[in-house]
Amino acid sequence: MQRPDWAPETIDIERPSVARMYDYYLGGSHNFAADRAAAQAMVAAVPEAPLMAQANRAFLRRAVHYLTGVGVRQFLDIGSGIPTVGNVHEIAQHNAADSRVVYVDVDPVAVAHSREILAGDDRAVVVQEDLRNPERILAHPEVRGLLDFDQPVAVMVVAVMHFVSDDDGPARILRTLRDALAPGSHLVLSQASDDGRSEEERAEAERVYRRTDNPLWVRSRAELTAFFDGFTLVEPGVVWVPQWRPESPDSAEDAERAVFMGGVGRLGG
């Protein structure tokens with residue numbers, strides 16, 4: 001396979017990447033044959049896969065609109081992925097020009113393209129780091145240089161926690177992030193849920209993602225709700241993502257087809 005100019009030499013273009021599969025689901029062009037094959041296998045196993053990505057993007061958009069509406073001006077988007085239309089900084093800065101955004105992703109393609117898009121924007125940066133290393137994210141000089149953790153920060157972990165295994169300690173990761181935040185900060189979280197899914201669908205989806213660099217860990221509504229420990233859930237709580245403050249009643253119909261659940265929590269004070 002010929003390597004395109006935009007692909008860093010350090011990445012293995014023969015191994016599927018979850019970030020590039022997500023880009024494919026959203027109709028993006030920054031993916032390789034291996035990513036497309038894995039994504040198509042996922043669609044064969046779970047036909048709602050593209051809907052899942054689109055529903056999460058819409059959930060992210062509505063959450064950022066909500067957060068800017070309640071006065072949040074700082075965003076830490078971890079697992080931000082390959083840039084597409086409707087990124088956090090575009091939404092937040094459209095609503096409030098003084099909004100500051102730090103993107104974090106482990107995928108070098110996502111980071112390289114984010115840097116291109118953010119060139120010239122002194123209120124948005126991207127760093128390459130892994131959600132599994134929250135201490136390194138919080139201590140990163142570019143994160144500390146742009147965000148003031150004495151003021152409210154919205155931590156976004158949208159469509160990423162299902163790539164964090166129980167062995168990696170997801171509750172510990174979120175607790176570390178929470179403990180660094182000032183009162184009035186928020187957590188925005190979504191991930192794939194197995195509520196209402198057949199064992200066959202779950203097994204096939206997990207089989208597909210074992211081919212990638214990030215196996216899949218689906219969780220229940222109760223497990224996702226527990227991730228908001230220390231936060232007060234914003235209404236309507238943890239729900240299928242199309243049901244979180246939908247723009248119209250029709251957009252929340254058959255919400256469980258989106259497969260993802262999510263919510264927004266506020267740190268008290």
# chains A, B, ... in the order shown; residues from 1 in each chain; ligands from 1
call {"tool": "residues_around", "arguments": {"residues": "Ala96 of chain A", "least_positions_apart": "4", "cutoff": "9 Å", "atoms": "only C-alpha atoms", "output": "CSV table (one decimal) with C-alpha atoms, in the first residue's frame"}}
result
chain,number,residue,atom,x,y,z
A,68,THR,CA,-20.8,27.3,26.9
A,69,GLY,CA,-24.3,28.3,27.9
A,71,GLY,CA,-20.3,29.7,31.3
A,73,ARG,CA,-14.8,28.5,28.6
A,91,ILE,CA,-18.5,25.0,18.4
A,92,ALA,CA,-17.1,26.6,21.6
call {"tool": "select_by_dssp", "arguments": {"residues": "segment 7-255 of chain A", "states": "strand (DSSP E or B)", "output": "ChimeraX atom specification"}}
result
/A:74-78,100-105,124-128,154-158,186-193,219,231-233,239-240
call {"tool": "residues_around", "arguments": {"residues": "Gln243 of chain A", "least_positions_apart": "2", "cutoff": "12 Å", "atoms": "only C-alpha atoms", "output": "ChimeraX atom specification"}}
result
/A:55-56,58-59,62-63,235-241,245-263
call {"tool": "select_by_dssp", "arguments": {"residues": "segment 53-203 of chain A", "states": "helix (DSSP H, G or I)", "output": "PyMOL selection string"}}
result
chain A and resi 53-69+88-95+108-118+134-139+141-146+161-163+166-168+170-179+199-203
call {"tool": "closest_residue", "arguments": {"among": "A:His186, A:Arg36, A:Arg219, A:His30", "to": "Glu14 of chain A", "atoms": "only C-alpha atoms"}}
result
A:Arg36
call {"tool": "residues_around", "arguments": {"residues": "segment 116-128 of chain A", "least_positions_apart": "5", "cutoff": "7 Å", "atoms": "only C-alpha atoms", "output": "compact mmCIF listing (two decimals) with all heavy atoms, in the first residue's frame"}}
result
# COMPACT_ATOMS: atom_id res chain seq x y z
N HIS A 89 -13.50 23.04 19.38
CA HIS A 89 -13.10 24.45 19.34
C HIS A 89 -13.97 25.26 18.39
O HIS A 89 -14.24 26.44 18.63
CB HIS A 89 -11.62 24.58 18.96
CG HIS A 89 -11.30 24.39 17.53
ND1 HIS A 89 -11.23 23.14 16.94
CD2 HIS A 89 -11.02 25.28 16.53
CE1 HIS A 89 -10.93 23.27 15.66
NE2 HIS A 89 -10.80 24.55 15.39
N SER A 99 -13.19 31.00 24.34
CA SER A 99 -13.06 29.60 24.75
C SER A 99 -11.68 29.05 24.38
O SER A 99 -11.15 29.34 23.31
CB SER A 99 -14.14 28.74 24.09
OG SER A 99 -15.42 29.11 24.53
N ARG A 100 -11.13 28.23 25.27
CA ARG A 100 -9.82 27.61 25.05
C ARG A 100 -9.99 26.09 25.06
O ARG A 100 -10.69 25.54 25.92
CB ARG A 100 -8.82 28.05 26.12
CG ARG A 100 -8.61 29.57 26.13
CD ARG A 100 -7.41 29.96 26.99
NE ARG A 100 -7.56 29.63 28.38
CZ ARG A 100 -8.22 30.38 29.28
NH1 ARG A 100 -8.80 31.50 28.88
NH2 ARG A 100 -8.28 30.02 30.54
N VAL A 101 -9.32 25.43 24.13
CA VAL A 101 -9.51 23.99 23.95
C VAL A 101 -8.17 23.29 23.81
O VAL A 101 -7.32 23.72 23.02
CB VAL A 101 -10.37 23.69 22.70
CG1 VAL A 101 -10.56 22.18 22.53
CG2 VAL A 101 -11.72 24.40 22.78
N VAL A 102 -7.99 22.21 24.57
CA VAL A 102 -6.84 21.33 24.40
C VAL A 102 -7.37 19.98 23.93
O VAL A 102 -8.23 19.37 24.58
CB VAL A 102 -6.05 21.15 25.70
CG1 VAL A 102 -4.96 20.08 25.51
CG2 VAL A 102 -5.42 22.45 26.15
N TYR A 103 -6.86 19.53 22.79
CA TYR A 103 -7.17 18.20 22.28
C TYR A 103 -6.05 17.25 22.69
O TYR A 103 -4.87 17.61 22.65
CB TYR A 103 -7.28 18.21 20.76
CG TYR A 103 -8.46 18.99 20.21
CD1 TYR A 103 -8.27 20.22 19.58
CD2 TYR A 103 -9.74 18.48 20.29
CE1 TYR A 103 -9.34 20.92 19.06
CE2 TYR A 103 -10.82 19.18 19.77
CZ TYR A 103 -10.62 20.40 19.16
OH TYR A 103 -11.68 21.09 18.63
N VAL A 104 -6.44 16.02 23.02
CA VAL A 104 -5.46 14.99 23.38
C VAL A 104 -5.83 13.72 22.62
O VAL A 104 -6.98 13.27 22.67
CB VAL A 104 -5.48 14.69 24.89
CG1 VAL A 104 -4.44 13.63 25.23
CG2 VAL A 104 -5.24 15.96 25.70
N ASP A 105 -4.86 13.15 21.93
CA ASP A 105 -5.09 11.86 21.28
C ASP A 105 -3.78 11.10 21.19
O ASP A 105 -2.70 11.71 21.13
CB ASP A 105 -5.70 12.02 19.89
CG ASP A 105 -6.50 10.77 19.48
OD1 ASP A 105 -5.88 9.79 19.04
OD2 ASP A 105 -7.73 10.79 19.62
N VAL A 106 -3.88 9.77 21.18
CA VAL A 106 -2.69 8.94 21.10
C VAL A 106 -2.32 8.62 19.65
O VAL A 106 -1.19 8.24 19.37
CB VAL A 106 -2.91 7.63 21.91
CG1 VAL A 106 -3.90 6.71 21.20
CG2 VAL A 106 -1.60 6.92 22.19
N VAL A 111 -3.26 13.58 15.67
CA VAL A 111 -2.50 14.72 16.20
C VAL A 111 -1.94 15.58 15.07
O VAL A 111 -2.02 16.81 15.11
CB VAL A 111 -1.37 14.20 17.12
CG1 VAL A 111 -0.45 15.35 17.53
CG2 VAL A 111 -1.96 13.53 18.35
call {"tool": "closest_residue", "arguments": {"among": "A:Asp166, A:Asp229, A:Asp195, A:Asp107", "to": "Gly265 of chain A", "atoms": "only C-alpha atoms"}}
result
A:Asp229
call {"tool": "residues_around", "arguments": {"residues": "segment 129-137 of chain A", "least_positions_apart": "4", "cutoff": "10 Å", "atoms": "only C-alpha atoms", "output": "CSV table (one decimal) with N, CA, C and O atoms, in the first residue's frame"}}
result
chain,number,residue,atom,x,y,z
A,76,LEU,N,-11.0,20.3,27.8
A,76,LEU,CA,-10.0,19.3,27.6
A,76,LEU,C,-10.6,18.0,27.0
A,76,LEU,O,-11.3,17.3,27.7
A,78,ILE,N,-10.2,14.6,25.5
A,78,ILE,CA,-9.3,13.5,25.5
A,78,ILE,C,-9.8,12.4,24.6
A,78,ILE,O,-10.9,11.9,24.8
A,79,GLY,N,-8.9,11.9,23.7
A,79,GLY,CA,-9.4,10.9,22.7
A,79,GLY,C,-10.2,11.6,21.6
A,79,GLY,O,-11.2,11.1,21.2
A,103,TYR,N,-6.9,19.5,22.8
A,103,TYR,CA,-7.2,18.2,22.3
A,103,TYR,C,-6.1,17.2,22.7
A,103,TYR,O,-4.9,17.6,22.6
A,104,VAL,N,-6.4,16.0,23.0
A,104,VAL,CA,-5.5,15.0,23.4
A,104,VAL,C,-5.8,13.7,22.6
A,104,VAL,O,-7.0,13.3,22.7
A,105,ASP,N,-4.9,13.1,21.9
A,105,ASP,CA,-5.1,11.9,21.3
A,105,ASP,C,-3.8,11.1,21.2
A,105,ASP,O,-2.7,11.7,21.1
A,106,VAL,N,-3.9,9.8,21.2
A,106,VAL,CA,-2.7,8.9,21.1
A,106,VAL,C,-2.3,8.6,19.7
A,106,VAL,O,-1.2,8.2,19.4
A,107,ASP,N,-3.3,8.8,18.7
A,107,ASP,CA,-3.0,8.5,17.3
A,107,ASP,C,-2.2,9.6,16.6
A,107,ASP,O,-2.7,10.7,16.6
A,108,PRO,N,-1.1,9.3,16.0
A,108,PRO,CA,-0.3,10.3,15.4
A,108,PRO,C,-0.9,11.0,14.2
A,108,PRO,O,-0.7,12.1,13.9
A,111,VAL,N,-3.3,13.6,15.7
A,111,VAL,CA,-2.5,14.7,16.2
A,111,VAL,C,-1.9,15.6,15.1
A,111,VAL,O,-2.0,16.8,15.1
A,141,PRO,N,3.1,20.5,29.6
A,141,PRO,CA,3.3,21.9,29.6
A,141,PRO,C,2.3,22.7,28.7
A,141,PRO,O,1.9,23.8,29.0
A,142,GLU,N,1.9,22.1,27.5
A,142,GLU,CA,0.9,22.8,26.7
A,142,GLU,C,-0.5,22.8,27.3
A,142,GLU,O,-1.2,23.7,27.0
A,143,VAL,N,-0.8,21.7,28.0
A,143,VAL,CA,-2.1,21.7,28.7
A,143,VAL,C,-2.1,22.8,29.8
A,143,VAL,O,-3.0,23.6,29.9
A,144,ARG,N,-1.0,22.8,30.6
A,144,ARG,CA,-0.9,23.8,31.7
A,144,ARG,C,-0.8,25.2,31.1
A,144,ARG,O,-1.2,26.2,31.8
A,157,VAL,N,-14.6,13.0,27.4
A,157,VAL,CA,-14.1,11.7,27.1
A,157,VAL,C,-15.3,11.0,26.3
A,157,VAL,O,-16.0,10.1,26.8
A,160,VAL,N,-14.7,7.0,23.9
A,160,VAL,CA,-13.3,6.6,24.1
A,160,VAL,C,-13.2,5.6,25.3
A,160,VAL,O,-12.3,4.7,25.3
A,161,MET,N,-14.0,5.7,26.3
A,161,MET,CA,-13.8,4.8,27.5
A,161,MET,C,-14.0,3.3,27.2
A,161,MET,O,-13.5,2.5,27.9
A,163,PHE,N,-12.5,1.8,25.1
A,163,PHE,CA,-11.1,1.3,24.7
A,163,PHE,C,-10.2,1.2,25.9
A,163,PHE,O,-9.0,1.0,25.8
A,164,VAL,N,-10.8,1.5,27.1
A,164,VAL,CA,-10.0,1.4,28.4
A,164,VAL,C,-10.5,0.2,29.1
A,164,VAL,O,-11.7,0.1,29.5
A,165,SER,N,-9.6,-0.8,29.3
A,165,SER,CA,-10.0,-2.0,29.9
A,165,SER,C,-10.2,-1.8,31.4
A,165,SER,O,-9.7,-0.9,32.0
A,168,ASP,N,-7.0,-1.5,33.2
A,168,ASP,CA,-6.4,-0.1,33.2
A,168,ASP,C,-6.9,0.8,34.2
A,168,ASP,O,-6.4,1.9,34.3
A,169,GLY,N,-8.0,0.4,34.9
A,169,GLY,CA,-8.5,1.2,36.0
A,169,GLY,C,-9.2,2.5,35.5
A,169,GLY,O,-8.8,3.6,35.8
A,170,PRO,N,-10.3,2.3,34.8
A,170,PRO,CA,-11.1,3.5,34.3
A,170,PRO,C,-11.5,4.4,35.4
A,170,PRO,O,-11.5,5.7,35.3
A,172,ARG,N,-10.1,4.9,38.3
A,172,ARG,CA,-8.9,5.6,38.8
A,172,ARG,C,-8.6,6.8,37.8
A,172,ARG,O,-8.2,7.9,38.3
A,173,ILE,N,-8.6,6.5,36.5
A,173,ILE,CA,-8.3,7.5,35.5
A,173,ILE,C,-9.2,8.7,35.7
A,173,ILE,O,-8.8,9.9,35.8
A,174,LEU,N,-10.5,8.5,35.8
A,174,LEU,CA,-11.5,9.6,35.9
A,174,LEU,C,-11.4,10.3,37.2
A,174,LEU,O,-11.6,11.5,37.3
A,175,ARG,N,-11.1,9.5,38.3
A,175,ARG,CA,-10.9,10.2,39.6
A,175,ARG,C,-9.7,11.1,39.6
A,175,ARG,O,-9.7,12.2,40.2
A,176,THR,N,-8.6,10.7,38.9
A,176,THR,CA,-7.4,11.5,38.8
A,176,THR,C,-7.7,12.8,38.1
A,176,THR,O,-7.3,13.9,38.5
A,177,LEU,N,-8.5,12.7,37.0
A,177,LEU,CA,-8.9,13.9,36.3
A,177,LEU,C,-9.8,14.8,37.1
A,177,LEU,O,-9.6,16.0,37.2
A,180,ALA,N,-8.2,17.0,39.8
A,180,ALA,CA,-7.5,18.2,39.3
A,180,ALA,C,-8.4,19.4,39.0
A,180,ALA,O,-7.8,20.4,38.7
call {"tool": "residues_around", "arguments": {"residues": "Val153 of chain A", "least_positions_apart": "6", "cutoff": "8 Å", "atoms": "only C-alpha atoms", "output": "ChimeraX atom specification"}}
result
/A:72-76,147,181-182,184-186
